[in-house]
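Below is the file target01.cif, which contains mmCIF, C-alpha atoms and all ligand atoms; chains and numbers go by the auth columns.
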data_protein
#
loop_
_atom_site.group_PDB
_atom_site.id
_atom_site.type_symbol
_atom_site.label_atom_id
_atom_site.label_comp_id
_atom_site.label_asym_id
_atom_site.label_seq_id
_atom_site.Cartn_x
_atom_site.Cartn_y
_atom_site.Cartn_z
_atom_site.B_iso_or_equiv
_atom_site.auth_seq_id
_atom_site.auth_asym_id
ATOM 1 C CA MET A 1 -25.426 -16.169 25.390 0.00 1 A
ATOM 2 C CA VAL A 2 -22.181 -14.516 24.268 0.00 2 A
ATOM 3 C CA ARG A 3 -19.031 -16.606 24.739 0.00 3 A
ATOM 4 C CA LYS A 4 -15.489 -15.429 25.122 0.00 4 A
ATOM 5 C CA LEU A 5 -12.867 -16.898 22.851 0.00 5 A
ATOM 6 C CA GLU A 6 -9.534 -16.843 24.627 0.00 6 A
ATOM 7 C CA HIS A 7 -6.605 -16.267 22.323 0.00 7 A
ATOM 8 C CA GLY A 8 -4.811 -19.564 22.057 0.00 8 A
ATOM 9 C CA LYS A 9 -5.430 -22.795 20.232 0.00 9 A
ATOM 10 C CA LEU A 10 -8.239 -22.820 17.704 0.00 10 A
ATOM 11 C CA VAL A 11 -9.234 -26.109 16.069 0.00 11 A
ATOM 12 C CA ALA A 12 -9.933 -25.635 12.356 0.00 12 A
ATOM 13 C CA ALA A 13 -12.638 -28.204 11.606 0.00 13 A
ATOM 14 C CA THR A 14 -11.675 -28.778 7.999 0.00 14 A
ATOM 15 C CA HIS A 15 -9.945 -31.498 5.984 0.00 15 A
ATOM 16 C CA ASN A 16 -9.334 -29.179 3.021 0.00 16 A
ATOM 17 C CA ALA A 17 -5.642 -28.177 2.912 0.00 17 A
ATOM 18 C CA GLY A 18 -6.416 -25.064 0.802 0.00 18 A
ATOM 19 C CA LYS A 19 -8.843 -23.804 3.442 0.00 19 A
ATOM 20 C CA VAL A 20 -6.411 -24.594 6.285 0.00 20 A
ATOM 21 C CA LYS A 21 -3.783 -22.387 4.614 0.00 21 A
ATOM 22 C CA GLU A 22 -6.236 -19.498 4.179 0.00 22 A
ATOM 23 C CA LEU A 23 -7.732 -19.840 7.694 0.00 23 A
ATOM 24 C CA LYS A 24 -4.224 -19.791 9.191 0.00 24 A
ATOM 25 C CA ALA A 25 -3.391 -16.637 7.198 0.00 25 A
ATOM 26 C CA LEU A 26 -6.552 -14.936 8.498 0.00 26 A
ATOM 27 C CA PHE A 27 -6.602 -16.076 12.149 0.00 27 A
ATOM 28 C CA GLU A 28 -2.946 -16.393 13.165 0.00 28 A
ATOM 29 C CA PRO A 29 -2.324 -12.602 12.995 0.00 29 A
ATOM 30 C CA LEU A 30 -5.078 -12.297 15.655 0.00 30 A
ATOM 31 C CA GLY A 31 -2.969 -14.411 18.015 0.00 31 A
ATOM 32 C CA PHE A 32 -4.651 -17.778 17.486 0.00 32 A
ATOM 33 C CA SER A 33 -2.658 -20.908 16.893 0.00 33 A
ATOM 34 C CA VAL A 34 -4.710 -22.786 14.312 0.00 34 A
ATOM 35 C CA VAL A 35 -4.547 -26.596 14.461 0.00 35 A
ATOM 36 C CA SER A 36 -6.438 -28.394 11.722 0.00 36 A
ATOM 37 C CA ALA A 37 -8.647 -31.475 11.804 0.00 37 A
ATOM 38 C CA ILE A 38 -6.098 -33.017 9.403 0.00 38 A
ATOM 39 C CA GLU A 39 -3.256 -32.564 11.933 0.00 39 A
ATOM 40 C CA LEU A 40 -5.501 -33.868 14.754 0.00 40 A
ATOM 41 C CA ASN A 41 -6.625 -36.812 12.637 0.00 41 A
ATOM 42 C CA LEU A 42 -10.295 -36.066 13.381 0.00 42 A
ATOM 43 C CA PRO A 43 -12.995 -37.976 11.491 0.00 43 A
ATOM 44 C CA GLU A 44 -14.680 -36.112 8.612 0.00 44 A
ATOM 45 C CA PRO A 45 -18.399 -35.717 9.404 0.00 45 A
ATOM 46 C CA GLU A 46 -20.968 -36.291 6.647 0.00 46 A
ATOM 47 C CA GLU A 47 -22.476 -32.975 5.496 0.00 47 A
ATOM 48 C CA THR A 48 -26.169 -33.743 5.849 0.00 48 A
ATOM 49 C CA GLU A 49 -27.623 -30.214 6.154 0.00 49 A
ATOM 50 C CA PRO A 50 -29.286 -28.369 3.241 0.00 50 A
ATOM 51 C CA THR A 51 -27.541 -25.012 3.867 0.00 51 A
ATOM 52 C CA PHE A 52 -24.006 -23.588 4.191 0.00 52 A
ATOM 53 C CA VAL A 53 -24.845 -22.416 7.734 0.00 53 A
ATOM 54 C CA GLY A 54 -26.188 -25.837 8.736 0.00 54 A
ATOM 55 C CA ASN A 55 -23.153 -27.696 7.413 0.00 55 A
ATOM 56 C CA ALA A 56 -20.700 -25.175 8.899 0.00 56 A
ATOM 57 C CA ILE A 57 -22.253 -25.614 12.357 0.00 57 A
ATOM 58 C CA LEU A 58 -22.384 -29.419 11.944 0.00 58 A
ATOM 59 C CA LYS A 59 -18.623 -29.531 11.170 0.00 59 A
ATOM 60 C CA ALA A 60 -17.635 -27.133 13.966 0.00 60 A
ATOM 61 C CA ARG A 61 -19.819 -29.014 16.460 0.00 61 A
ATOM 62 C CA ALA A 62 -18.296 -32.396 15.562 0.00 62 A
ATOM 63 C CA ALA A 63 -14.747 -31.037 16.080 0.00 63 A
ATOM 64 C CA ALA A 64 -15.637 -29.219 19.322 0.00 64 A
ATOM 65 C CA GLU A 65 -17.204 -32.385 20.747 0.00 65 A
ATOM 66 C CA ALA A 66 -14.224 -34.519 19.669 0.00 66 A
ATOM 67 C CA THR A 67 -11.546 -32.176 21.075 0.00 67 A
ATOM 68 C CA GLY A 68 -13.279 -30.414 23.988 0.00 68 A
ATOM 69 C CA GLU A 69 -12.020 -27.110 22.493 0.00 69 A
ATOM 70 C CA PRO A 70 -13.859 -24.341 20.590 0.00 70 A
ATOM 71 C CA ALA A 71 -13.708 -25.215 16.899 0.00 71 A
ATOM 72 C CA LEU A 72 -13.843 -23.095 13.758 0.00 72 A
ATOM 73 C CA SER A 73 -15.327 -24.444 10.529 0.00 73 A
ATOM 74 C CA ASP A 74 -15.760 -23.209 6.980 0.00 74 A
ATOM 75 C CA ASP A 75 -18.547 -24.293 4.664 0.00 75 A
ATOM 76 C CA SER A 76 -18.241 -22.712 1.283 0.00 76 A
ATOM 77 C CA GLY A 77 -18.911 -23.122 -2.383 0.00 77 A
ATOM 78 C CA LEU A 78 -19.449 -21.698 -5.808 0.00 78 A
ATOM 79 C CA ALA A 79 -22.968 -20.543 -6.763 0.00 79 A
ATOM 80 C CA VAL A 80 -23.519 -20.083 -10.502 0.00 80 A
ATOM 81 C CA GLU A 81 -26.437 -17.813 -11.435 0.00 81 A
ATOM 82 C CA ALA A 82 -27.485 -19.619 -14.650 0.00 82 A
ATOM 83 C CA LEU A 83 -27.363 -22.976 -12.803 0.00 83 A
ATOM 84 C CA GLY A 84 -29.795 -21.773 -10.134 0.00 84 A
ATOM 85 C CA GLY A 85 -27.018 -21.515 -7.537 0.00 85 A
ATOM 86 C CA ALA A 86 -25.378 -24.907 -8.275 0.00 86 A
ATOM 87 C CA PRO A 87 -23.044 -26.453 -7.350 0.00 87 A
ATOM 88 C CA GLY A 88 -23.566 -24.477 -4.078 0.00 88 A
ATOM 89 C CA ILE A 89 -23.397 -26.729 -1.024 0.00 89 A
ATOM 90 C CA PHE A 90 -22.440 -29.579 -3.384 0.00 90 A
ATOM 91 C CA SER A 91 -19.274 -27.824 -4.644 0.00 91 A
ATOM 92 C CA ALA A 92 -16.877 -30.344 -3.098 0.00 92 A
ATOM 93 C CA ARG A 93 -19.080 -33.288 -4.099 0.00 93 A
ATOM 94 C CA TRP A 94 -19.061 -32.212 -7.804 0.00 94 A
ATOM 95 C CA ALA A 95 -15.329 -33.008 -7.713 0.00 95 A
ATOM 96 C CA GLY A 96 -16.016 -36.690 -6.981 0.00 96 A
ATOM 97 C CA GLU A 97 -13.871 -39.004 -4.882 0.00 97 A
ATOM 98 C CA PRO A 98 -10.893 -38.617 -4.894 0.00 98 A
ATOM 99 C CA ARG A 99 -11.426 -34.891 -5.512 0.00 99 A
ATOM 100 C CA ASP A 100 -10.704 -33.683 -9.056 0.00 100 A
ATOM 101 C CA PHE A 101 -11.485 -29.983 -9.412 0.00 101 A
ATOM 102 C CA TYR A 102 -10.480 -29.879 -13.073 0.00 102 A
ATOM 103 C CA ALA A 103 -13.276 -32.404 -13.669 0.00 103 A
ATOM 104 C CA ALA A 104 -15.631 -30.305 -11.492 0.00 104 A
ATOM 105 C CA MET A 105 -14.778 -27.107 -13.426 0.00 105 A
ATOM 106 C CA ASP A 106 -15.400 -28.946 -16.675 0.00 106 A
ATOM 107 C CA LYS A 107 -18.768 -30.119 -15.345 0.00 107 A
ATOM 108 C CA VAL A 108 -19.645 -26.470 -14.579 0.00 108 A
ATOM 109 C CA ARG A 109 -18.646 -25.487 -18.142 0.00 109 A
ATOM 110 C CA LEU A 110 -20.715 -28.317 -19.665 0.00 110 A
ATOM 111 C CA GLU A 111 -23.775 -27.552 -17.526 0.00 111 A
ATOM 112 C CA LEU A 112 -23.521 -23.868 -18.490 0.00 112 A
ATOM 113 C CA GLU A 113 -23.279 -24.748 -22.185 0.00 113 A
ATOM 114 C CA LEU A 114 -26.374 -26.951 -21.831 0.00 114 A
ATOM 115 C CA THR A 115 -28.401 -23.991 -20.505 0.00 115 A
ATOM 116 C CA GLY A 116 -27.451 -21.963 -23.607 0.00 116 A
ATOM 117 C CA SER A 117 -27.089 -18.943 -21.330 0.00 117 A
ATOM 118 C CA THR A 118 -24.390 -16.354 -21.939 0.00 118 A
ATOM 119 C CA ASP A 119 -24.705 -15.171 -18.343 0.00 119 A
ATOM 120 C CA TYR A 120 -21.635 -16.549 -16.555 0.00 120 A
ATOM 121 C CA SER A 121 -22.260 -14.608 -13.309 0.00 121 A
ATOM 122 C CA ALA A 122 -21.266 -16.493 -10.172 0.00 122 A
ATOM 123 C CA LYS A 123 -20.349 -15.916 -6.582 0.00 123 A
ATOM 124 C CA PHE A 124 -18.353 -17.685 -3.931 0.00 124 A
ATOM 125 C CA VAL A 125 -20.096 -18.065 -0.562 0.00 125 A
ATOM 126 C CA CYS A 126 -18.421 -18.852 2.755 0.00 126 A
ATOM 127 C CA VAL A 127 -19.893 -19.449 6.181 0.00 127 A
ATOM 128 C CA LEU A 128 -17.450 -19.453 9.086 0.00 128 A
ATOM 129 C CA ALA A 129 -18.832 -21.005 12.258 0.00 129 A
ATOM 130 C CA ILE A 130 -17.454 -21.303 15.774 0.00 130 A
ATOM 131 C CA CYS A 131 -18.832 -23.924 18.113 0.00 131 A
ATOM 132 C CA TRP A 132 -18.078 -24.515 21.776 0.00 132 A
ATOM 133 C CA PRO A 133 -17.911 -28.017 23.307 0.00 133 A
ATOM 134 C CA ASP A 134 -21.347 -27.468 24.897 0.00 134 A
ATOM 135 C CA GLY A 135 -22.865 -27.051 21.428 0.00 135 A
ATOM 136 C CA HIS A 136 -23.330 -23.245 21.375 0.00 136 A
ATOM 137 C CA ALA A 137 -22.515 -21.909 17.887 0.00 137 A
ATOM 138 C CA GLU A 138 -22.128 -18.601 16.045 0.00 138 A
ATOM 139 C CA ALA A 139 -22.025 -18.335 12.234 0.00 139 A
ATOM 140 C CA PHE A 140 -21.004 -15.547 9.822 0.00 140 A
ATOM 141 C CA GLU A 141 -21.688 -15.505 6.075 0.00 141 A
ATOM 142 C CA GLY A 142 -19.596 -13.808 3.414 0.00 142 A
ATOM 143 C CA GLU A 143 -19.560 -13.682 -0.372 0.00 143 A
ATOM 144 C CA VAL A 144 -17.663 -12.353 -3.369 0.00 144 A
ATOM 145 C CA LYS A 145 -19.427 -11.701 -6.671 0.00 145 A
ATOM 146 C CA GLY A 146 -17.867 -12.206 -10.091 0.00 146 A
ATOM 147 C CA HIS A 147 -18.098 -14.330 -13.211 0.00 147 A
ATOM 148 C CA LEU A 148 -16.612 -17.506 -14.672 0.00 148 A
ATOM 149 C CA GLU A 149 -14.076 -17.779 -17.494 0.00 149 A
ATOM 150 C CA PHE A 150 -12.921 -20.903 -19.337 0.00 150 A
ATOM 151 C CA PRO A 151 -10.494 -22.610 -19.715 0.00 151 A
ATOM 152 C CA PRO A 152 -9.184 -22.580 -16.109 0.00 152 A
ATOM 153 C CA ARG A 153 -6.164 -20.308 -15.472 0.00 153 A
ATOM 154 C CA GLY A 154 -3.618 -20.245 -12.642 0.00 154 A
ATOM 155 C CA ASP A 155 -2.458 -22.605 -9.939 0.00 155 A
ATOM 156 C CA LYS A 156 -2.118 -20.288 -6.937 0.00 156 A
ATOM 157 C CA GLY A 157 -5.394 -21.109 -5.202 0.00 157 A
ATOM 158 C CA PHE A 158 -7.468 -24.261 -4.823 0.00 158 A
ATOM 159 C CA GLY A 159 -10.834 -25.704 -5.829 0.00 159 A
ATOM 160 C CA TYR A 160 -12.680 -23.553 -8.402 0.00 160 A
ATOM 161 C CA ASP A 161 -10.230 -20.608 -8.197 0.00 161 A
ATOM 162 C CA PRO A 162 -8.887 -21.061 -11.778 0.00 162 A
ATOM 163 C CA ILE A 163 -12.293 -20.181 -13.349 0.00 163 A
ATOM 164 C CA PHE A 164 -13.443 -17.392 -10.999 0.00 164 A
ATOM 165 C CA VAL A 165 -12.872 -13.714 -11.796 0.00 165 A
ATOM 166 C CA ALA A 166 -14.032 -11.324 -9.048 0.00 166 A
ATOM 167 C CA GLU A 167 -15.933 -8.132 -9.946 0.00 167 A
ATOM 168 C CA GLY A 168 -13.539 -5.450 -11.195 0.00 168 A
ATOM 169 C CA GLU A 169 -10.708 -7.959 -11.803 0.00 169 A
ATOM 170 C CA THR A 170 -9.297 -9.432 -15.014 0.00 170 A
ATOM 171 C CA ILE A 171 -7.346 -12.345 -13.548 0.00 171 A
ATOM 172 C CA THR A 172 -8.768 -15.463 -11.918 0.00 172 A
ATOM 173 C CA PHE A 173 -8.383 -16.239 -8.210 0.00 173 A
ATOM 174 C CA GLY A 174 -6.046 -18.992 -9.430 0.00 174 A
ATOM 175 C CA GLU A 175 -3.719 -16.362 -10.908 0.00 175 A
ATOM 176 C CA MET A 176 -3.953 -13.971 -7.958 0.00 176 A
ATOM 177 C CA GLU A 177 -1.368 -13.603 -5.189 0.00 177 A
ATOM 178 C CA PRO A 178 -2.832 -15.125 -1.981 0.00 178 A
ATOM 179 C CA GLU A 179 -2.625 -11.804 -0.066 0.00 179 A
ATOM 180 C CA ARG A 180 -4.800 -10.135 -2.694 0.00 180 A
ATOM 181 C CA LYS A 181 -7.350 -12.958 -2.676 0.00 181 A
ATOM 182 C CA HIS A 182 -7.427 -12.754 1.152 0.00 182 A
ATOM 183 C CA ALA A 183 -8.369 -9.082 0.915 0.00 183 A
ATOM 184 C CA MET A 184 -11.471 -9.654 -1.231 0.00 184 A
ATOM 185 C CA SER A 185 -12.618 -13.274 -0.962 0.00 185 A
ATOM 186 C CA HIS A 186 -15.863 -14.713 0.421 0.00 186 A
ATOM 187 C CA ARG A 187 -13.737 -16.144 3.264 0.00 187 A
ATOM 188 C CA ALA A 188 -12.288 -12.698 4.002 0.00 188 A
ATOM 189 C CA ASP A 189 -15.815 -11.190 3.998 0.00 189 A
ATOM 190 C CA ALA A 190 -17.067 -13.803 6.509 0.00 190 A
ATOM 191 C CA PHE A 191 -13.867 -13.320 8.519 0.00 191 A
ATOM 192 C CA LYS A 192 -14.433 -9.525 8.744 0.00 192 A
ATOM 193 C CA LYS A 193 -17.909 -10.160 10.189 0.00 193 A
ATOM 194 C CA MET A 194 -16.542 -12.713 12.664 0.00 194 A
ATOM 195 C CA LYS A 195 -13.737 -10.306 13.614 0.00 195 A
ATOM 196 C CA THR A 196 -16.262 -7.527 14.382 0.00 196 A
ATOM 197 C CA TRP A 197 -18.065 -9.971 16.673 0.00 197 A
ATOM 198 C CA LEU A 198 -14.785 -11.138 18.289 0.00 198 A
ATOM 199 C CA ASP A 199 -13.843 -7.506 18.973 0.00 199 A
ATOM 200 C CA GLN A 200 -17.225 -6.955 20.647 0.00 200 A
ATOM 201 C CA ILE A 201 -16.926 -9.942 22.987 0.00 201 A
ATOM 202 C CA SER A 202 -13.252 -9.561 23.923 0.00 202 A
HETATM 203 P P1 LIG B . -14.220 -29.465 4.703 0.00 301 B
HETATM 204 O O1 LIG B . -15.695 -29.806 4.649 0.00 301 B
HETATM 205 O O2 LIG B . -13.394 -30.488 5.371 0.00 301 B
HETATM 206 O O3 LIG B . -13.979 -28.080 5.211 0.00 301 B
HETATM 207 P P2 LIG B . -14.531 -29.455 1.825 0.00 301 B
HETATM 208 O O4 LIG B . -13.588 -29.242 0.695 0.00 301 B
HETATM 209 O O5 LIG B . -15.416 -30.677 1.769 0.00 301 B
HETATM 210 O O6 LIG B . -13.679 -29.446 3.169 0.00 301 B
HETATM 211 P P3 LIG B . -16.884 -27.784 1.612 0.00 301 B
HETATM 212 O O7 LIG B . -17.823 -28.893 1.855 0.00 301 B
HETATM 213 O O8 LIG B . -17.157 -26.468 2.285 0.00 301 B
HETATM 214 O O9 LIG B . -15.397 -28.170 2.011 0.00 301 B
HETATM 215 O O10 LIG B . -16.766 -27.593 0.051 0.00 301 B
HETATM 216 C C1 LIG B . -16.482 -26.354 -0.495 0.00 301 B
HETATM 217 C C2 LIG B . -15.843 -26.522 -1.846 0.00 301 B
HETATM 218 O O11 LIG B . -16.023 -25.268 -2.537 0.00 301 B
HETATM 219 C C3 LIG B . -14.343 -26.721 -1.721 0.00 301 B
HETATM 220 O O12 LIG B . -14.003 -28.075 -1.809 0.00 301 B
HETATM 221 C C4 LIG B . -13.802 -25.920 -2.897 0.00 301 B
HETATM 222 O O13 LIG B . -13.711 -26.690 -4.022 0.00 301 B
HETATM 223 C C5 LIG B . -14.857 -24.868 -3.140 0.00 301 B
HETATM 224 N N1 LIG B . -14.340 -23.620 -2.564 0.00 301 B
HETATM 225 C C6 LIG B . -14.604 -23.076 -1.349 0.00 301 B
HETATM 226 N N2 LIG B . -13.867 -21.973 -1.146 0.00 301 B
HETATM 227 C C7 LIG B . -13.101 -21.828 -2.254 0.00 301 B
HETATM 228 C C8 LIG B . -12.116 -20.901 -2.633 0.00 301 B
HETATM 229 O O14 LIG B . -11.720 -19.921 -1.848 0.00 301 B
HETATM 230 N N3 LIG B . -11.563 -21.063 -3.827 0.00 301 B
HETATM 231 C C9 LIG B . -11.905 -22.067 -4.646 0.00 301 B
HETATM 232 N N4 LIG B . -12.805 -22.993 -4.361 0.00 301 B
HETATM 233 C C10 LIG B . -13.414 -22.881 -3.172 0.00 301 B
#
Will you turn the file into structure tokens for me?
Amino acid sequence: MVRKLEHGKLVAATHNAGKVKELKALFEPLGFSVVSAIELNLPEPEETEPTFVGNAILKARAAAEATGEPALSDDSGLAVEALGGAPGIFSARWAGEPRDFYAAMDKVRLELELTGSTDYSAKFVCVLAICWPDGHAEAFEGEVKGHLEFPPRGDKGFGYDPIFVAEGETITFGEMEPERKHAMSHRADAFKKMKTWLDQIS
């Protein structure tokens, strides 16, 4: 069944401030007022699914049930070729508790060195999901390919941005102006697919 999404309040089912900023930049120009799970003080569900799609739907569903409003979630991560796709769905968890992404980036560097591989290819993956309070969900997957460079450079982004260089670029996402990252990122790719779907149903 196709659901309408009235322009208005959209709950962003994320506790990651970096994502909230990027989701607001993508969705607010469409006329949505994005209110995050942080602002609403919603509990953070445990990510128990084995896939990005599964965890994205789980997070959106938890927020939709808690608020009675359609909720948007983002499950994303860094997949490193020579590490068999790790850290993947465990990208946030590699940063420990409390989150330390400099430690997580160092862990990626160490793991890569242990493989002995000179292939530093990687991609960012993002699944954006929307779930209605009755449990119906739609999910859209995006990616951006590139490679990793060490040591980390730049403080403009969040998470693993300081080590990721997108295909055709020479600077890391951490050094890139946000508008430029928003034009090429995994999140932007998933957003474009969701936007095509939103245009079809509205
Ligand atoms: P929520 O579940 O509350 O949304 P989270 O940080 O736990 O927040 P994920 O489980 O989806 O989110 O973990 C994805 C991790 O991948 C995230 O913490 C970042 O470190 C990393 N990541 C995702 N998108 C990124 C981006 O655009 N730039 C840099 N790192 C990114």
Interatomic distance between CA of His136 in chain A and CA of Ala56 in chain A? 12.9 Å
Distance CA of Ala60 in chain A-CA of Asp74 in chain A, one decimal place?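 Computed distance, CA of Ala60 in chain A to CA of Asp74 in chain A, equals 8.2 Å.
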Produce a table with one row for each residue of chain A that has an atom at most 9 Å from any atom of ligand LIG 301 (chain B), each row naming the nearest atom pair and its distance in Å at one decimal; use only C-alpha atoms and all ligand atoms; arrange rows by chain and rising residue number; format as a tab-separated table.
residue	atom	partner	partner_atom	distance
A:Ala12	CA	B:LIG301	O3	8.6
A:Ala13	CA	B:LIG301	O3	6.5
A:Thr14	CA	B:LIG301	O2	3.6
A:His15	CA	B:LIG301	O2	3.6
A:Asn16	CA	B:LIG301	O6	4.4
A:Ala17	CA	B:LIG301	O6	8.1
A:Gly18	CA	B:LIG301	O14	7.8
A:Lys19	CA	B:LIG301	O3	6.9
A:Val20	CA	B:LIG301	O3	8.4
A:Glu22	CA	B:LIG301	O14	8.2
A:Ala37	CA	B:LIG301	O2	8.1
A:Ile38	CA	B:LIG301	O2	8.7
A:Glu44	CA	B:LIG301	O2	6.6
A:Pro45	CA	B:LIG301	O1	8.1
A:Glu46	CA	B:LIG301	O1	8.6
A:Glu47	CA	B:LIG301	O7	7.2
A:Phe52	CA	B:LIG301	O8	7.7
A:Asn55	CA	B:LIG301	O7	7.8
A:Ala56	CA	B:LIG301	O8	7.6
A:Lys59	CA	B:LIG301	O1	7.2
A:Ser73	CA	B:LIG301	O3	6.6
A:Asp74	CA	B:LIG301	O3	5.5
A:Asp75	CA	B:LIG301	O8	3.5
A:Ser76	CA	B:LIG301	O8	4.0
A:Gly77	CA	B:LIG301	O11	3.6
A:Leu78	CA	B:LIG301	O11	5.9
A:Pro87	CA	B:LIG301	O11	8.6
A:Gly88	CA	B:LIG301	O11	7.7
A:Ile89	CA	B:LIG301	O7	6.6
A:Phe90	CA	B:LIG301	O10	6.9
A:Ser91	CA	B:LIG301	C2	4.6
A:Ala92	CA	B:LIG301	O12	3.9
A:Arg93	CA	B:LIG301	O5	7.4
A:Trp94	CA	B:LIG301	O13	8.6
A:Ala95	CA	B:LIG301	O13	7.5
A:Arg99	CA	B:LIG301	O12	8.2
A:Phe101	CA	B:LIG301	O13	6.7
A:Ala104	CA	B:LIG301	O13	8.5
A:Phe124	CA	B:LIG301	N2	6.8
A:Val125	CA	B:LIG301	N2	7.4
A:Cys126	CA	B:LIG301	N2	6.8
A:Val127	CA	B:LIG301	O8	8.5
A:Gly157	CA	B:LIG301	N3	6.3
A:Phe158	CA	B:LIG301	C9	5.0
A:Gly159	CA	B:LIG301	O13	3.5
A:Tyr160	CA	B:LIG301	N4	4.1
A:Asp161	CA	B:LIG301	C9	4.2
A:Pro162	CA	B:LIG301	C9	7.8
A:Ile163	CA	B:LIG301	C9	8.9
A:Phe164	CA	B:LIG301	C9	8.0
A:Phe173	CA	B:LIG301	N3	7.3
A:Gly174	CA	B:LIG301	N3	8.1
A:Lys181	CA	B:LIG301	O14	8.3
A:His182	CA	B:LIG301	O14	8.9
A:Ser185	CA	B:LIG301	O14	6.8
A:His186	CA	B:LIG301	O14	7.0
A:Arg187	CA	B:LIG301	O14	6.7
Between CA of Glu65 in chain A and CA of Pro133 in chain A, distance in Å (one decimal):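 A separation of 5.1 Å between them.
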Looking at only C-alpha atoms, which of A:Pro178, A:Gly116, A:Gly146, A:Gly154 is the one that sits closest to Ala166 in chain A? A:Gly146
Write out as a VMD selection string each polymer residue whose atoms come within 10 Å of Leu83 in chain A, counting only C-alpha atoms; drop sequence neighbours fewer than 5 positions from it. chain A and resid 88 108 111 to 112 114 to 115 117 119 to 122
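Nearest to Ile57 in chain A of all the residues A:Ala103, A:Leu72, A:Leu26, A:Val11 is A:Leu72, counting all atoms listed in the file.
With only C-alpha atoms as the atoms that count, the minimum distance from Glu177 in chain A to the choices A:Lys195, A:His147, A:Lys156, A:Lys107 is reached by A:Lys156.
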